[in-house]
Amino acid sequence: MSPVVRSSRLGALLVTAAMALSACSGGAAGSAGAKASDTLRLAFGTDMQVPDPDIFYEIEGNAVVTSVYEGLVRYKANSAEIEPWLAQKYIVSKDGLTYTFTLRSGVKFHDGTALDSAAAKASFQRRLNVNSAPAYMLADVVKMATPDPQTFVVTLRKPVSAFLDYLAAPYGPKMVSPTAVAAHAGKDFAQSWLKTHDAGTGPFAISQFQLAKQYELSRFAGYWGKKASFNTVLISIIPNISTQQLELQSGQLSMIQHGLTTTDIQSFRSNPQFTVQQFPSLYKTFIFLNPKKGVFANQAVREAFRGALDRKQLVSEVFGDRATPSTQVYPAGELPEPAASTVSTVDPSKLKTLVATLPNKKVDFAYVTDDTSNQRMAELVQTKLAAAGLDVTVRGIPIAQAFDLPNQPAQAPDAVLATLNPDAVHPDTYARIFMTTKGSLNWLGCSVPAADAALDKGLHATNPAAVRADYASAGALLAQSACWLDLADVKETVVARKSIGGFVHQLPTLNTVRLADLTTG
């Protein structure tokens, strides 16, 4: 995975924030005249990135992309198990190099084009041509064949144990109408057109896309599978979570997918007009420690810091039942327990003893402001450090600034707390992103070469037991470095009006409740 490709995520986010686009009609009918009960009303805290599946690469907006586009495979509901989807079956060769997909019959894109092997090949090729951040998932593809209209064959240059997970992930390759791409190709493979339109096969189509205001999805009448219960999905851009709560309480919103505090959620739980739904996710709160300067350049201090944290207490105070205390480097569910375990006895005295010997006791402790729980967690951790005798300054930084820390090492803080998700259930899509020597989101630059080698070995292994063993080895080495202190495994928590049912969630991240499965009473 190239750090250049990875760091393009930041560039895409910054470009998106600067765009000002007008509303454009999509490939489905709008919501004019729709009954209130036919409309699902949601809110995003910020604008999503463009809804182009070959560019989109964040949390806000998952509900749009996964409702409009589909892949060859996907994760089963609330599960790490992969199931066929637009491919009705698939076969992987024993050497792990060849994947043969048999495509489902009767699938239509929103423009009426039929899904066939040529369309699948064109969809994969477009991702490679666009070459935005998610393109790394197809970087090892060396050949694509279409022996007949229903058979799509992909050949890799070397085995990639994460390949099916790439395809199943919300950010994975999706089927995109080659007809629509050809008609609007321009000089950018239809990227300009797909900023406000869509070319998917999903149960919903984009009928309006207005940045900073509202997105509208409309039920696709020609969908090959079970039709969505709601005719229309309206998504407003409401940055203030308190405003979102007021609109949910007044009936202007159907549900809130993330951003509520534990106190807010407890309040909704006690109100019979609402329901609180929780799902497993791979969203993890952890602390990056700076091994290059300051107090945490000393590994013994980093290890003692970890031992001073009572994760059970911290999770209880910040999340209540919305999270569980972390017990390993990887998000819960990526590897079976006790692989890569970080469980240890809580003992603050070791940190206090070490701090007494330090000439510099100042700590610049940053937290990422994109999640409301991060500030509270950072403040509680600050009290633990202060009790050990450290002089800690806590400050919030936007996530774009955090992404840019590898380019600004001199300005990097001593520690950064964040809550982040992998790209897929496979452990490589977590450790390689945040913890490898060349990882562009390895914000404070800790290097564990032996762990890098174990990750590479696991990525290219073909035996499942060997894959697990290699990632367990990598996780153990990463844990030993004490450069990343894992705190909590956070659940997806959704608050909805009582009339909404049919909740189904897809791993690994947030905002992936399947809108097409929701029902209204």
# chains A, B, ... in the order shown; residues from 1 in each chain; ligands from 1
$ closest_atom_pairs --of "range 308-371 of chain A" --to "range 474-496 of chain A" --cutoff "7 Å" --atoms "only C-alpha atoms" --output "tab-separated table"
residue	atom	partner	partner_atom	distance
A:Arg311	CA	A:Leu487	CA	5.8
A:Val315	CA	A:Ala488	CA	6.4
A:Arg322	CA	A:Lys491	CA	5.5
A:Ala323	CA	A:Val490	CA	4.2
A:Thr324	CA	A:Asp489	CA	5.3
A:Pro325	CA	A:Ala488	CA	4.7
A:Ser326	CA	A:Ala488	CA	4.5
A:Val329	CA	A:Gly475	CA	6.0
A:Pro331	CA	A:Asp489	CA	6.4
A:Ala332	CA	A:Asp489	CA	6.5
A:Ala340	CA	A:Ala476	CA	4.5
A:Thr342	CA	A:Ala479	CA	6.5
$ select_by_dssp --residues "range 170-341 of chain A" --states "strand (DSSP E)" --output "NGL selection string"
:A and (204-210 or 214-219 or 232-237 or 255-256 or 274-289 or 323-325)
$ write_last_selection --atoms "C-alpha atoms" --output "compact mmCIF listing (two decimals), in the first residue's frame"
# COMPACT_ATOMS: atom_id res chain seq x y z
CA PHE A 204 -31.44 3.69 -4.30
CA ALA A 205 -30.28 6.22 -6.90
CA ILE A 206 -29.10 9.79 -6.36
CA SER A 207 -31.83 12.19 -7.43
CA GLN A 208 -30.30 15.35 -5.92
CA PHE A 209 -26.92 16.26 -4.48
CA GLN A 210 -26.48 19.74 -3.00
CA GLN A 214 -29.20 18.24 1.21
CA TYR A 215 -28.79 14.95 -0.63
CA GLU A 216 -31.75 12.99 -1.94
CA LEU A 217 -31.92 9.31 -2.82
CA SER A 218 -34.88 7.73 -4.61
CA ARG A 219 -35.90 4.10 -4.67
CA THR A 232 -37.11 8.59 -0.68
CA VAL A 233 -34.14 9.24 1.60
CA LEU A 234 -33.49 12.91 2.43
CA ILE A 235 -30.15 13.69 4.08
CA SER A 236 -29.69 17.20 5.51
CA ILE A 237 -26.34 18.73 6.46
CA MET A 255 -32.82 8.73 13.11
CA ILE A 256 -29.32 9.85 14.13
CA PHE A 274 -37.43 6.20 20.38
CA THR A 275 -35.35 3.07 20.05
CA VAL A 276 -31.59 2.70 20.52
CA GLN A 277 -29.86 0.17 18.28
CA GLN A 278 -26.29 -1.04 18.83
CA PHE A 279 -24.12 -3.00 16.43
CA PRO A 280 -20.57 -4.32 16.44
CA SER A 281 -18.07 -2.19 14.54
CA LEU A 282 -14.31 -2.03 14.20
CA TYR A 283 -14.15 1.57 15.38
CA LYS A 284 -11.29 1.83 17.90
CA THR A 285 -10.08 4.54 20.29
CA PHE A 286 -6.33 4.58 20.78
CA ILE A 287 -3.41 6.91 21.47
CA PHE A 288 -0.44 7.46 19.15
CA LEU A 289 2.72 8.14 21.20
CA ALA A 323 -17.89 0.41 23.92
CA THR A 324 -15.85 -2.34 25.53
CA PRO A 325 -12.34 -2.04 26.97
$ residues_around --residues "range 173-186 of chain A" --least-positions-apart "5" --cutoff "8 Å" --atoms "only C-alpha atoms" --output "ChimeraX atom specification"
/A:53-54,69-72,109,111,113,115,119-120,122-124,127,137,166-167,191,193,199-201
$ write_last_selection --atoms "N, CA and C atoms" --output "compact mmCIF listing (two decimals), in the first residue's frame"
# COMPACT_ATOMS: atom_id res chain seq x y z
N PRO A 53 -17.76 6.19 -6.00
CA PRO A 53 -17.24 5.09 -5.19
C PRO A 53 -15.75 4.83 -5.38
N ASP A 54 -15.17 5.36 -6.44
CA ASP A 54 -13.75 5.17 -6.66
C ASP A 54 -12.91 6.29 -6.05
N TYR A 69 -24.45 2.03 -4.61
CA TYR A 69 -23.53 1.14 -5.33
C TYR A 69 -23.40 -0.20 -4.62
N GLU A 70 -23.06 -1.23 -5.38
CA GLU A 70 -22.88 -2.57 -4.83
C GLU A 70 -21.62 -3.20 -5.41
N GLY A 71 -21.05 -4.14 -4.64
CA GLY A 71 -19.87 -4.85 -5.10
C GLY A 71 -20.19 -6.29 -5.44
N LEU A 72 -19.18 -7.01 -5.86
CA LEU A 72 -19.36 -8.42 -6.21
C LEU A 72 -19.66 -9.26 -4.99
N PHE A 109 -28.02 -1.55 -14.06
CA PHE A 109 -27.57 -0.27 -13.53
C PHE A 109 -28.74 0.71 -13.57
N ASP A 111 -29.06 3.33 -15.13
CA ASP A 111 -29.34 3.85 -16.47
C ASP A 111 -29.89 2.78 -17.40
N THR A 113 -28.43 -0.15 -18.16
CA THR A 113 -27.40 -1.05 -18.67
C THR A 113 -27.38 -2.34 -17.85
N LEU A 115 -25.70 -5.55 -16.06
CA LEU A 115 -24.41 -5.95 -15.50
C LEU A 115 -23.94 -7.23 -16.17
N ALA A 119 -18.85 -5.17 -17.98
CA ALA A 119 -19.11 -4.06 -17.07
C ALA A 119 -18.29 -4.20 -15.80
N ALA A 120 -18.15 -5.43 -15.31
CA ALA A 120 -17.34 -5.67 -14.10
C ALA A 120 -15.88 -5.31 -14.38
N ALA A 122 -14.76 -3.24 -16.63
CA ALA A 122 -14.67 -1.79 -16.79
C ALA A 122 -14.72 -1.08 -15.45
N SER A 123 -15.49 -1.62 -14.50
CA SER A 123 -15.58 -1.02 -13.17
C SER A 123 -14.26 -1.12 -12.44
N PHE A 124 -13.62 -2.29 -12.49
CA PHE A 124 -12.31 -2.45 -11.87
C PHE A 124 -11.29 -1.54 -12.55
N ARG A 127 -11.49 2.12 -11.46
CA ARG A 127 -10.86 2.40 -10.16
C ARG A 127 -9.36 2.57 -10.34
N MET A 137 -6.59 -1.19 -3.38
CA MET A 137 -7.22 -2.49 -3.24
C MET A 137 -7.07 -3.36 -4.50
N TYR A 166 -11.17 -6.66 0.74
CA TYR A 166 -11.20 -5.41 -0.02
C TYR A 166 -12.51 -5.30 -0.80
N LEU A 167 -12.87 -6.38 -1.48
CA LEU A 167 -14.06 -6.35 -2.33
C LEU A 167 -15.35 -6.23 -1.51
N GLN A 191 -15.34 11.58 -13.53
CA GLN A 191 -15.31 12.04 -12.14
C GLN A 191 -16.15 13.30 -11.94
N TRP A 193 -18.82 14.31 -13.58
CA TRP A 193 -20.24 13.99 -13.62
C TRP A 193 -20.68 13.25 -12.37
N ALA A 199 -24.01 6.03 -10.98
CA ALA A 199 -24.04 5.03 -12.05
C ALA A 199 -23.99 3.64 -11.42
N GLY A 200 -24.78 3.46 -10.35
CA GLY A 200 -24.73 2.22 -9.60
C GLY A 200 -25.84 1.24 -9.94
N THR A 201 -25.87 0.16 -9.15
CA THR A 201 -26.91 -0.87 -9.28
C THR A 201 -27.76 -0.96 -8.03
$ atom_distance --atom1 "CA of Asn131 in chain A" --atom2 "CA of Asp188 in chain A"
10.7 Å
$ atom_distance --atom1 "CA of Val416 in chain A" --atom2 "CA of Ala63 in chain A"
28.1 Å
$ select_by_dssp --residues "range 250-484 of chain A" --states "alpha helix (DSSP H)" --output "PyMOL selection string"
chain A and resi 250+262-269+299-308+311-319+348-355+372-387+399-403+428-434+449-459+464-481
$ atom_distance --atom1 "CA of Arg376 in chain A" --atom2 "CA of Gly45 in chain A"
19.2 Å
$ closest_residue --among "A:Met377, A:Lys158, A:Pro147, A:Thr520" --to "Ser499 in chain A" --atoms "only C-alpha atoms"
A:Thr520
$ residues_around --residues "Phe434 in chain A" --least-positions-apart "2" --cutoff "10 Å" --atoms "only C-alpha atoms" --output "list in words"
Phe288, Leu420, Asn421, Pro422, Asp428, Thr429, Tyr430, Ala431, Arg432, Thr436, Thr437, Lys438, Gly439, Ser440, Leu441, Asn442, Trp443, Leu444, Gly445, Cys446 and Trp484 of chain A
$ closest_residue --among "A:Val425, A:Asp391, A:Pro348, A:Thr372" --to "Pro508 in chain A" --atoms "only C-alpha atoms"
A:Val425
